[in-house]
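Q: Have a peek at model19.txt (compact mmCIF, C-alpha atoms).
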# COMPACT_ATOMS: atom_id res chain seq x y z
CA MET R 1131 73.71 12.12 -77.73
CA LEU R 1132 71.30 15.06 -77.82
CA LEU R 1133 68.13 14.88 -79.92
CA TYR R 1134 66.55 18.15 -81.04
CA ASN R 1135 63.02 16.84 -80.75
CA SER R 1136 59.39 17.71 -81.21
CA GLN R 1137 57.22 15.26 -79.35
CA LEU R 1138 54.38 15.70 -81.87
CA SER R 1139 56.57 15.06 -84.92
CA GLY R 1140 56.45 11.64 -86.53
CA ASN R 1141 59.88 12.27 -88.00
CA CYS R 1142 61.32 12.75 -84.48
CA TYR R 1143 59.36 9.72 -83.29
CA LYS R 1144 61.27 7.53 -85.78
CA VAL R 1145 64.52 8.39 -83.99
CA ARG R 1146 63.03 7.94 -80.49
CA LEU R 1147 61.53 4.57 -81.49
CA LEU R 1148 64.80 3.19 -82.87
CA LEU R 1149 66.78 4.49 -79.87
CA ALA R 1150 64.25 2.73 -77.59
CA HIS R 1151 64.72 -0.55 -79.51
CA LEU R 1152 68.48 -0.14 -79.22
CA GLY R 1153 68.30 0.73 -75.52
CA VAL R 1154 70.46 3.83 -76.04
CA ASP R 1155 70.24 6.71 -73.56
CA TYR R 1156 70.08 10.25 -74.92
CA GLU R 1157 68.98 13.74 -73.99
CA ARG R 1158 66.19 15.68 -75.64
CA ARG R 1159 65.80 19.35 -76.37
CA GLU R 1160 62.23 20.17 -77.25
CA MET R 1161 61.56 22.45 -80.25
CA ASP R 1162 58.16 24.03 -80.89
CA VAL R 1163 56.58 22.85 -84.16
CA ILE R 1164 54.24 25.84 -84.40
CA ASP R 1165 56.37 28.75 -83.13
CA ARG R 1166 59.45 28.31 -85.31
CA SER R 1167 61.23 31.48 -84.15
CA GLY R 1168 64.69 30.80 -82.82
CA ARG R 1169 65.27 27.81 -85.09
CA GLU R 1170 67.95 29.59 -87.09
CA GLU R 1171 70.03 30.18 -83.93
CA VAL R 1172 69.67 26.62 -82.62
CA LEU R 1173 69.57 24.57 -85.83
CA GLY R 1174 71.17 26.83 -88.44
CA GLU R 1175 74.63 25.29 -88.25
CA ARG R 1176 73.22 21.80 -87.81
CA ASN R 1177 70.59 21.49 -90.54
CA PRO R 1178 70.18 23.80 -93.55
CA ALA R 1179 66.50 22.82 -93.66
CA LEU R 1180 65.97 24.06 -90.05
CA ARG R 1181 63.87 21.00 -89.30
CA VAL R 1182 63.85 18.52 -86.45
CA PRO R 1183 64.96 15.86 -85.77
CA VAL R 1184 68.62 16.77 -85.51
CA LEU R 1185 70.95 14.51 -83.56
CA ASP R 1186 74.13 15.78 -81.95
CA LEU R 1187 76.55 12.89 -81.63
CA ASP R 1188 78.85 12.54 -78.63
CA ASP R 1189 81.80 13.81 -80.70
CA GLY R 1190 79.93 17.08 -81.38
CA ARG R 1191 79.01 16.35 -84.99
CA SER R 1192 75.36 16.65 -86.05
CA LEU R 1193 73.07 14.67 -88.34
CA ALA R 1194 69.74 15.74 -89.83
CA GLU R 1195 66.94 14.12 -91.87
CA SER R 1196 65.07 11.47 -89.90
CA ASN R 1197 65.66 8.60 -92.31
CA ALA R 1198 69.39 9.34 -92.59
CA ILE R 1199 69.62 9.40 -88.78
CA ILE R 1200 67.87 6.05 -88.30
CA TRP R 1201 69.91 4.47 -91.09
CA TYR R 1202 73.09 5.64 -89.33
CA LEU R 1203 71.97 4.50 -85.87
CA GLY R 1204 70.66 1.18 -87.17
CA GLU R 1205 73.65 0.27 -89.34
CA GLY R 1206 75.29 -2.90 -88.04
CA THR R 1207 72.24 -3.87 -85.95
CA GLU R 1208 69.26 -6.10 -86.74
CA TYR R 1209 67.31 -2.98 -87.79
CA VAL R 1210 69.19 -2.36 -91.07
CA PRO R 1211 69.31 -5.26 -93.56
CA GLN R 1212 72.68 -6.69 -94.55
CA ASP R 1213 71.89 -8.02 -98.03
CA PRO R 1214 72.66 -5.38 -100.70
CA PHE R 1215 69.31 -5.72 -102.47
CA ASP R 1216 67.37 -5.67 -99.19
CA ARG R 1217 69.29 -2.54 -98.20
CA ALA R 1218 68.35 -0.89 -101.50
CA LYS R 1219 64.70 -1.88 -101.04
CA ALA R 1220 64.70 -0.42 -97.52
CA LEU R 1221 66.08 2.85 -98.89
CA GLN R 1222 63.55 2.74 -101.74
CA TRP R 1223 60.69 2.67 -99.23
CA MET R 1224 62.33 5.32 -97.05
CA PHE R 1225 62.62 7.67 -100.04
CA PHE R 1226 59.02 6.78 -100.96
CA GLU R 1227 58.06 7.75 -97.40
CA GLN R 1228 59.71 11.17 -97.63
CA TYR R 1229 58.46 11.90 -101.16
CA SER R 1230 54.99 10.32 -101.49
CA HIS R 1231 53.79 9.66 -97.93
CA GLU R 1232 55.05 12.19 -95.38
CA PRO R 1233 54.45 15.35 -97.47
CA ASN R 1234 50.79 14.36 -97.68
CA ILE R 1235 49.91 12.53 -94.45
CA ALA R 1236 52.13 14.55 -92.11
CA VAL R 1237 51.03 17.84 -93.65
CA LEU R 1238 47.31 16.93 -93.45
CA ARG R 1239 47.84 15.92 -89.81
CA PHE R 1240 49.57 19.22 -89.14
CA TRP R 1241 46.77 21.27 -90.69
CA ILE R 1242 43.86 19.26 -89.25
CA THR R 1243 45.06 18.16 -85.81
CA ILE R 1244 48.27 19.95 -84.72
CA LEU R 1245 47.21 23.42 -85.86
CA GLY R 1246 43.56 22.38 -85.68
CA ARG R 1247 42.69 24.76 -88.53
CA PRO R 1248 41.44 22.64 -91.44
CA GLU R 1249 39.28 25.52 -92.68
CA ARG R 1250 42.39 27.60 -93.36
CA PHE R 1251 43.69 24.91 -95.76
CA ALA R 1252 40.34 23.83 -97.25
CA ASP R 1253 41.48 24.44 -100.83
CA ARG R 1254 44.56 22.20 -100.48
CA ILE R 1255 43.14 19.36 -98.36
CA PRO R 1256 41.42 17.48 -101.24
CA GLY R 1257 44.60 17.27 -103.34
CA LYS R 1258 46.75 16.24 -100.38
CA THR R 1259 44.12 13.65 -99.39
CA ARG R 1260 44.12 12.10 -102.87
CA ALA R 1261 47.92 11.86 -102.79
CA ALA R 1262 47.88 10.42 -99.26
CA ILE R 1263 45.39 7.74 -100.36
CA ALA R 1264 47.61 6.85 -103.33
CA ALA R 1265 50.54 6.36 -100.92
CA LEU R 1266 48.44 4.20 -98.59
CA ASP R 1267 47.17 2.19 -101.59
CA GLY R 1268 50.79 1.49 -102.60
CA MET R 1269 51.61 0.35 -99.06
CA GLU R 1270 48.49 -1.83 -98.89
CA ARG R 1271 49.34 -3.66 -102.13
CA HIS R 1272 52.90 -4.18 -100.92
CA LEU R 1273 51.98 -5.39 -97.42
CA ALA R 1274 49.13 -7.65 -98.62
CA ALA R 1275 51.69 -10.41 -99.24
CA ARG R 1276 54.27 -9.46 -96.61
CA ALA R 1277 54.71 -9.28 -92.84
CA PHE R 1278 57.13 -6.33 -92.99
CA VAL R 1279 58.22 -3.82 -95.62
CA VAL R 1280 61.50 -5.55 -96.54
CA ALA R 1281 62.78 -9.13 -96.34
CA GLU R 1282 60.06 -10.28 -93.91
CA ARG R 1283 61.92 -8.64 -91.02
CA TYR R 1284 61.19 -5.54 -88.99
CA SER R 1285 63.64 -2.79 -90.05
CA VAL R 1286 64.16 0.96 -90.26
CA ALA R 1287 61.92 0.91 -93.35
CA ASP R 1288 59.01 -0.16 -91.12
CA ILE R 1289 59.92 2.50 -88.56
CA ALA R 1290 59.98 5.20 -91.26
CA LEU R 1291 56.55 4.25 -92.62
CA TYR R 1292 54.96 3.54 -89.23
CA ALA R 1293 55.63 7.04 -87.89
CA TYR R 1294 52.84 8.81 -89.79
CA THR R 1295 50.76 5.80 -90.92
CA HIS R 1296 49.80 4.94 -87.35
CA VAL R 1297 48.40 8.45 -86.83
CA ALA R 1298 46.67 8.62 -90.22
CA ASP R 1299 43.34 9.22 -88.43
CA GLU R 1300 44.76 12.57 -87.24
CA ALA R 1301 45.22 13.40 -90.94
CA GLY R 1302 41.54 12.73 -91.63
CA LEU R 1303 42.29 9.34 -93.22
CA ASP R 1304 40.33 6.17 -92.41
CA LEU R 1305 42.35 2.94 -92.42
CA ALA R 1306 39.22 0.72 -92.33
CA GLY R 1307 39.75 -0.19 -95.98
CA TYR R 1308 43.40 -1.13 -95.43
CA PRO R 1309 43.46 -4.52 -93.66
CA ALA R 1310 47.07 -5.31 -94.58
CA ILE R 1311 48.27 -1.96 -93.21
CA ARG R 1312 46.28 -2.44 -90.00
CA ALA R 1313 47.71 -5.93 -89.42
CA TRP R 1314 51.22 -4.56 -90.06
CA LEU R 1315 50.66 -1.67 -87.61
CA THR R 1316 49.90 -4.28 -84.94
CA ARG R 1317 53.02 -6.27 -85.80
CA VAL R 1318 55.14 -3.13 -85.53
CA ALA R 1319 53.61 -2.13 -82.18
CA ASP R 1320 54.30 -5.67 -80.88
CA GLN R 1321 58.07 -5.37 -81.39
CA PRO R 1322 60.26 -5.57 -78.27
CA ARG R 1323 60.83 -2.23 -76.49
CA HIS R 1324 58.27 -0.43 -78.69
CA VAL R 1325 57.35 3.02 -77.39
CA ALA R 1326 54.37 5.19 -78.29
CA ILE R 1327 54.73 8.57 -79.98
CA GLU R 1328 53.75 10.27 -76.69
CA GLU R 1329 56.64 8.68 -74.77
CA MET V 1106 70.10 -4.05 -116.80
CA LEU V 1107 67.06 -2.21 -118.14
CA LEU V 1108 66.33 1.39 -117.11
CA TYR V 1109 62.76 2.63 -117.38
CA ASN V 1110 63.78 6.14 -118.33
CA SER V 1111 62.49 9.56 -119.20
CA GLN V 1112 65.15 11.57 -120.91
CA LEU V 1113 63.76 14.85 -119.54
CA SER V 1114 63.67 13.64 -115.93
CA GLY V 1115 66.45 14.75 -113.61
CA ASN V 1116 65.72 11.74 -111.42
CA CYS V 1117 66.42 9.40 -114.35
CA TYR V 1118 69.49 11.46 -115.24
CA LYS V 1119 71.02 10.64 -111.84
CA VAL V 1120 71.01 6.95 -112.75
CA ARG V 1121 72.31 7.54 -116.27
CA LEU V 1122 75.10 9.78 -114.94
CA LEU V 1123 76.31 7.25 -112.36
CA LEU V 1124 76.12 4.39 -114.89
CA ALA V 1125 78.24 6.50 -117.26
CA HIS V 1126 80.83 7.09 -114.51
CA LEU V 1127 80.87 3.36 -113.78
CA GLY V 1128 81.11 2.43 -117.47
CA VAL V 1129 78.19 0.02 -117.16
CA ASP V 1130 76.16 -0.89 -120.25
CA TYR V 1131 72.37 -0.99 -119.94
CA GLU V 1132 69.23 -0.76 -122.02
CA ARG V 1133 66.65 1.99 -121.82
CA ARG V 1134 62.91 1.94 -122.19
CA GLU V 1135 61.55 5.44 -122.64
CA MET V 1136 58.45 6.46 -120.67
CA ASP V 1137 56.46 9.60 -121.47
CA VAL V 1138 56.50 12.14 -118.62
CA ILE V 1139 53.37 13.93 -119.84
CA ASP V 1140 51.15 11.10 -121.13
CA ARG V 1141 51.20 8.79 -118.11
CA SER V 1142 48.67 6.27 -119.46
CA GLY V 1143 50.01 2.74 -119.52
CA ARG V 1144 52.25 3.28 -116.48
CA GLU V 1145 50.21 0.94 -114.30
CA GLU V 1146 50.75 -1.94 -116.75
CA VAL V 1147 54.49 -1.35 -117.16
CA LEU V 1148 55.50 -0.08 -113.72
CA GLY V 1149 52.72 -1.32 -111.41
CA GLU V 1150 54.55 -4.41 -110.18
CA ARG V 1151 57.87 -2.58 -110.13
CA ASN V 1152 57.13 0.66 -108.29
CA PRO V 1153 54.03 1.43 -106.23
CA ALA V 1154 54.60 5.13 -106.95
CA LEU V 1155 54.42 4.51 -110.75
CA ARG V 1156 57.39 6.83 -111.28
CA VAL V 1157 60.58 6.52 -113.28
CA PRO V 1158 63.40 5.73 -112.89
CA VAL V 1159 62.93 2.03 -112.29
CA LEU V 1160 65.87 -0.30 -112.82
CA ASP V 1161 65.41 -3.98 -113.70
CA LEU V 1162 68.47 -5.87 -112.55
CA ASP V 1163 69.88 -8.77 -114.54
CA ASP V 1164 68.32 -11.27 -112.09
CA GLY V 1165 64.84 -9.86 -112.85
CA ARG V 1166 64.41 -7.94 -109.60
CA SER V 1167 63.50 -4.23 -109.78
CA LEU V 1168 64.50 -1.13 -107.85
CA ALA V 1169 62.76 2.23 -107.72
CA GLU V 1170 63.45 5.71 -106.25
CA SER V 1171 66.38 7.42 -107.94
CA ASN V 1172 68.45 7.95 -104.81
CA ALA V 1173 68.00 4.35 -103.64
CA ILE V 1174 69.08 3.15 -107.10
CA ILE V 1175 72.25 5.25 -107.20
CA TRP V 1176 73.12 4.28 -103.62
CA TYR V 1177 72.80 0.60 -104.61
CA LEU V 1178 74.79 0.98 -107.83
CA GLY V 1179 77.47 3.12 -106.17
CA GLU V 1180 77.96 0.96 -103.06
CA GLY V 1181 81.50 -0.39 -102.96
CA THR V 1182 82.76 2.13 -105.52
CA GLU V 1183 84.39 5.54 -105.12
CA TYR V 1184 80.96 7.16 -105.51
CA VAL V 1185 79.58 6.09 -102.10
CA PRO V 1186 81.59 7.11 -99.03
CA GLN V 1187 82.98 4.40 -96.77
CA ASP V 1188 83.17 6.25 -93.44
CA PRO V 1189 79.93 5.76 -91.43
CA PHE V 1190 79.44 9.46 -90.69
CA ASP V 1191 80.18 10.47 -94.29
CA ARG V 1192 77.66 7.86 -95.46
CA ALA V 1193 75.05 9.33 -93.13
CA LYS V 1194 75.80 12.85 -94.36
CA ALA V 1195 75.44 11.70 -97.98
CA LEU V 1196 72.04 10.19 -97.14
CA GLN V 1197 71.09 13.37 -95.23
CA TRP V 1198 71.65 15.45 -98.37
CA MET V 1199 69.90 12.88 -100.58
CA PHE V 1200 66.82 12.99 -98.33
CA PHE V 1201 67.08 16.79 -98.33
CA GLU V 1202 67.11 16.64 -102.12
CA GLN V 1203 63.94 14.56 -102.32
CA TYR V 1204 62.09 16.52 -99.60
CA SER V 1205 63.19 20.16 -99.92
CA HIS V 1206 64.76 20.52 -103.37
CA GLU V 1207 63.22 18.24 -106.01
CA PRO V 1208 59.54 18.82 -105.06
CA ASN V 1209 60.11 22.52 -105.68
CA ILE V 1210 62.71 22.84 -108.44
CA ALA V 1211 61.67 19.80 -110.48
CA VAL V 1212 57.99 20.69 -110.21
CA LEU V 1213 58.59 24.32 -111.24
CA ARG V 1214 60.67 23.08 -114.19
CA PHE V 1215 57.87 20.70 -115.16
CA TRP V 1216 55.22 23.42 -115.05
CA ILE V 1217 57.29 26.15 -116.71
CA THR V 1218 59.44 24.31 -119.25
CA ILE V 1219 58.34 20.69 -119.77
CA LEU V 1220 54.61 21.41 -119.93
CA GLY V 1221 55.32 25.01 -120.89
CA ARG V 1222 52.15 26.17 -119.15
CA PRO V 1223 53.22 28.45 -116.27
CA GLU V 1224 49.92 30.36 -116.50
CA ARG V 1225 48.02 27.25 -115.49
CA PHE V 1226 50.00 27.05 -112.21
CA ALA V 1227 50.28 30.78 -111.54
CA ASP V 1228 48.75 30.51 -108.06
CA ARG V 1229 51.26 27.87 -106.93
CA ILE V 1230 54.45 29.16 -108.56
CA PRO V 1231 55.25 31.84 -105.93
CA GLY V 1232 55.13 29.38 -103.01
CA LYS V 1233 57.17 26.76 -104.85
CA THR V 1234 59.67 29.44 -105.86
CA ARG V 1235 60.14 30.59 -102.25
CA ALA V 1236 60.72 26.98 -101.17
CA ALA V 1237 63.13 26.38 -104.06
CA ILE V 1238 65.14 29.47 -103.08
CA ALA V 1239 65.31 28.24 -99.47
CA ALA V 1240 66.74 24.92 -100.73
CA LEU V 1241 69.29 26.70 -102.92
CA ASP V 1242 70.21 29.00 -100.01
CA GLY V 1243 70.90 25.94 -97.86
CA MET V 1244 73.09 24.43 -100.58
CA GLU V 1245 74.95 27.72 -101.08
CA ARG V 1246 75.81 28.04 -97.38
CA HIS V 1247 76.99 24.44 -97.33
CA LEU V 1248 79.07 24.63 -100.51
CA ALA V 1249 80.63 28.01 -99.66
CA ALA V 1250 83.29 26.18 -97.63
CA ARG V 1251 83.39 22.91 -99.54
CA ALA V 1252 84.37 21.49 -102.93
CA PHE V 1253 81.72 18.75 -102.84
CA VAL V 1254 78.66 17.96 -100.74
CA VAL V 1255 80.33 15.35 -98.50
CA ALA V 1256 83.90 14.68 -97.38
CA GLU V 1257 85.48 16.85 -100.12
CA ARG V 1258 84.93 14.07 -102.66
CA TYR V 1259 82.49 13.73 -105.54
CA SER V 1260 79.79 11.21 -104.56
CA VAL V 1261 76.21 10.12 -105.17
CA ALA V 1262 75.15 13.06 -102.97
CA ASP V 1263 76.57 15.45 -105.60
CA ILE V 1264 74.86 13.48 -108.38
CA ALA V 1265 71.50 13.66 -106.57
CA LEU V 1266 71.72 17.44 -106.07
CA TYR V 1267 73.24 18.19 -109.47
CA ALA V 1268 70.35 16.63 -111.42
CA TYR V 1269 67.88 19.48 -110.93
CA THR V 1270 70.22 22.24 -109.73
CA HIS V 1271 71.99 22.41 -113.07
CA VAL V 1272 68.68 23.02 -114.86
CA ALA V 1273 67.38 25.51 -112.28
CA ASP V 1274 67.03 28.11 -115.04
CA GLU V 1275 64.33 25.91 -116.60
CA ALA V 1276 62.50 26.26 -113.27
CA GLY V 1277 62.61 30.06 -113.52
CA LEU V 1278 65.44 30.31 -110.98
CA ASP V 1279 68.50 32.51 -111.48
CA LEU V 1280 71.77 31.12 -110.06
CA ALA V 1281 73.61 34.44 -110.50
CA GLY V 1282 73.46 35.03 -106.74
CA TYR V 1283 74.84 31.58 -105.94
CA PRO V 1284 78.59 31.62 -106.67
CA ALA V 1285 79.40 28.55 -104.58
CA ILE V 1286 76.73 26.51 -106.34
CA ARG V 1287 77.94 27.67 -109.76
CA ALA V 1288 81.56 26.73 -108.98
CA TRP V 1289 80.37 23.34 -107.71
CA LEU V 1290 78.30 22.76 -110.89
CA THR V 1291 81.50 23.23 -112.90
CA ARG V 1292 83.42 20.80 -110.67
CA VAL V 1293 80.69 18.18 -111.12
CA ALA V 1294 80.60 18.62 -114.90
CA ASP V 1295 84.40 18.23 -114.98
CA GLN V 1296 84.30 14.72 -113.49
CA PRO V 1297 85.60 11.86 -115.67
CA ARG V 1298 83.00 10.33 -118.01
CA HIS V 1299 80.42 13.02 -117.19
CA VAL V 1300 77.42 12.99 -119.54
CA ALA V 1301 74.84 15.68 -120.14
CA ILE V 1302 71.15 15.21 -119.36
CA GLU V 1303 70.41 15.02 -123.10
CA GLU V 1304 72.73 12.03 -123.62
Translate the structure described by the file into C-alpha cells.

A:
Amino acid sequence: MLLYNSQLSGNCYKVRLLLAHLGVDYERREMDVIDRSGREEVLGERNPALRVPVLDLDDGRSLAESNAIIWYLGEGTEYVPQDPFDRAKALQWMFFEQYSHEPNIAVLRFWITILGRPERFADRIPGKTRAAIAALDGMERHLAARAFVVAERYSVADIALYAYTHVADEAGLDLAGYPAIRAWLTRVADQPRHVAIEE
Amino acid sequence: MLLYNSQLSGNCYKVRLLLAHLGVDYERREMDVIDRSGREEVLGERNPALRVPVLDLDDGRSLAESNAIIWYLGEGTEYVPQDPFDRAKALQWMFFEQYSHEPNIAVLRFWITILGRPERFADRIPGKTRAAIAALDGMERHLAARAFVVAERYSVADIALYAYTHVADEAGLDLAGYPAIRAWLTRVADQPRHVAIEE
C-alpha cells in the first residue's frame, strides 16, 4: 500500500498509528501541507477534496478521508468493535471528531504552530478556541467515567480523537483542566506498538 | 424509537428519509434550531455536541451524529453496501459530507434562509460560498460518470449528500452549472418511499 502522507498532519497520523498497531508495511509519499501546488495532479483522481491522507491499495484502488481509511483497515481486527451499537458509537465519535474537534483544534494548530502566523488569524482564533474548548469539554465529560471512548476498549475511535488532542498545546490549548483526557492520552500512548506522530 | 428532530435540519432529514425507506415507525420530539435554550437538559446526556438529530432506541440507549445514525439503521439492509471497499467509499463520502459540504452549505442556508439575516454574516459568506462550490465541484466530477455515489446503487451515502445538496438554492447556490448533480437529485427523489424534507 502507498500512503500519501504529511508527517505533520494528525489525520495522516491516524493511518500511520493504526498501520503500526497492525504491523502492516507500506510506502509513504510525502505531500507538503503548506505548498499545496501539484495536489490536483497527484490527488485529483484519488480524492475530490485534494487532502491527505489518501491510501492506494495494492489493487490500485484509492481511499480518502482519514476516519474512513482507519475504519476500513481496522474492520475485522480488535480495533473496530463488533457489537452493532458499539460500532455506531465509534462512528458517532469519529463524526464528532471531524465536525466539532478537528476543524477547530487542527486549524488552530495549523495557524499557530505549523504556519507559525497567529497574528494573521487573530480575528478568528477566539471563535475557534471557544469551539475547541467545547469539544474538549464534551470529551472530558465522556471520558470521566470511561477508560476508552467506546466499550472500554481501545479502538479506531480513540485513534481518531487522539490524533489532534495529544497536540492540543500546539493549538494554544491547555489540557491542565482536563484530567480525564490526560489520563486517557496516557492509556492510548501505552498501547502495544504505539508510534509517535514524528515517526 | 424517539427522534429528537428539527424539521428544518438536513441532518435530521437524513434520518427521517432512511426511516421512511425502511418503513419504520417512530416518534418525534421537535427541537428549535434557533432558540437553543434547554438543549443541555434534553440532549446533554445524549449528545456531547448538543445537536440534533439524536435517536433514542427502544432499549433506552441513544445515538447521535446523523451519519452514524443512518449507518446504524441501514446496516444489514440494501441501504448500506456489503462489499468492504464499497463500505469504505460510502464512509469516505459521508465524512466528506460532514467536513467539506455540510459546514459550508448548511451554514450558508442557516444564515441566509433559516435566520434570514445574510447581512449579519456578510464578511463570512464569500469564503463559505467558495468552499461550498469546491464541494459541489467535487460531487459533480464524481457523479458525471455515475448514477449514485457508491457502487451504482442508492445508499446512505446518497442520503447523506442529498440532505443539503437538494436545498442548495436556500444557501444562495445555483445548481444550473451542475448537470450531473441535478440528474442525481432526480434519481434520489425517485426512490421508493421517498419523503420530502417538509414531511

Q: Please identify every residue of chain R that has at least one atom no more than 10 Å from any atom of chain V, counting all atoms listed in the file, and report them as a VMD selection string.

A: chain R and resid 1174 to 1175 1177 to 1180 1191 to 1203 1205 1214 to 1230 1232 to 1233 1264 to 1272

Q: Quick one: distance from atom CA of Leu1278 of chain V to atom CA of Phe1253 of chain V in Å, one decimal?

A: 21.6 Å

Q: What is the distance between atom CA of Gly1165 of chain V and atom CA of Ala1265 of chain V, in Å to one decimal?

A: 25.2 Å

Q: For Asp1304 of chain R, find every residue with an atom within 10 Å (counting all atoms listed in the file), except residues of its own chain fewer than 5 positions away, and show them as a list in words.

A: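 Listed by chain and then number, they are Ile1263, Ala1298 and Asp1299 of chain R.
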
Q: Can you pull out the residues contacting segment 1127-1134 of chain V? Cut-off 12 Å, using all atoms listed in the file, and skip same-chain residues under 3 positions away; I want them as an MDAnalysis selection string.

A: chainID V and resid 1106:1112 1117:1118 1120:1124 1137 1147:1148 1157:1163 1175 1178:1184 1261 1296:1300 1304

Q: For a test of reading the model, state the distance in Å between atom CA of Ile1235 of chain R and atom CA of Tyr1294 of chain R, rounded to one decimal.

A: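 Interatomic distance here is 6.6 Å.
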
Q: Give me the residues within 12 Å of Pro1248 of chain R as a VMD selection string, counting all atoms listed in the file and dropping any in the same chain fewer than 4 places off.

A: chain R and resid 1237 to 1244 1252 to 1256 1300 to 1302

Q: Counting all atoms listed in the file, which of R:Lys1144, R:Arg1283, R:Arg1181, R:Arg1176 gets nearest to Met1161 of chain R?

A: R:Arg1181

Q: Could you check which of V:Gln1187, V:Ser1114, V:Ser1142, V:Thr1291 is closest to Ala1252 of chain V, using only C-alpha atoms?

A: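 Comparing V:Gln1187, V:Ser1114, V:Ser1142, V:Thr1291 against Ala1252 of chain V, the winner is V:Thr1291.
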
Q: How big is the axis-aligned box, and where does its centre sit, when it encloses all atoms of segment 1166-1182 of chain V listed in the file and has 3 Å added on every side, reported in Å to one decimal as JSON?

A:
{"center_x": 72.8, "center_y": 0.0, "center_z": -106.4, "size_x": 26.0, "size_y": 21.9, "size_z": 12.8}
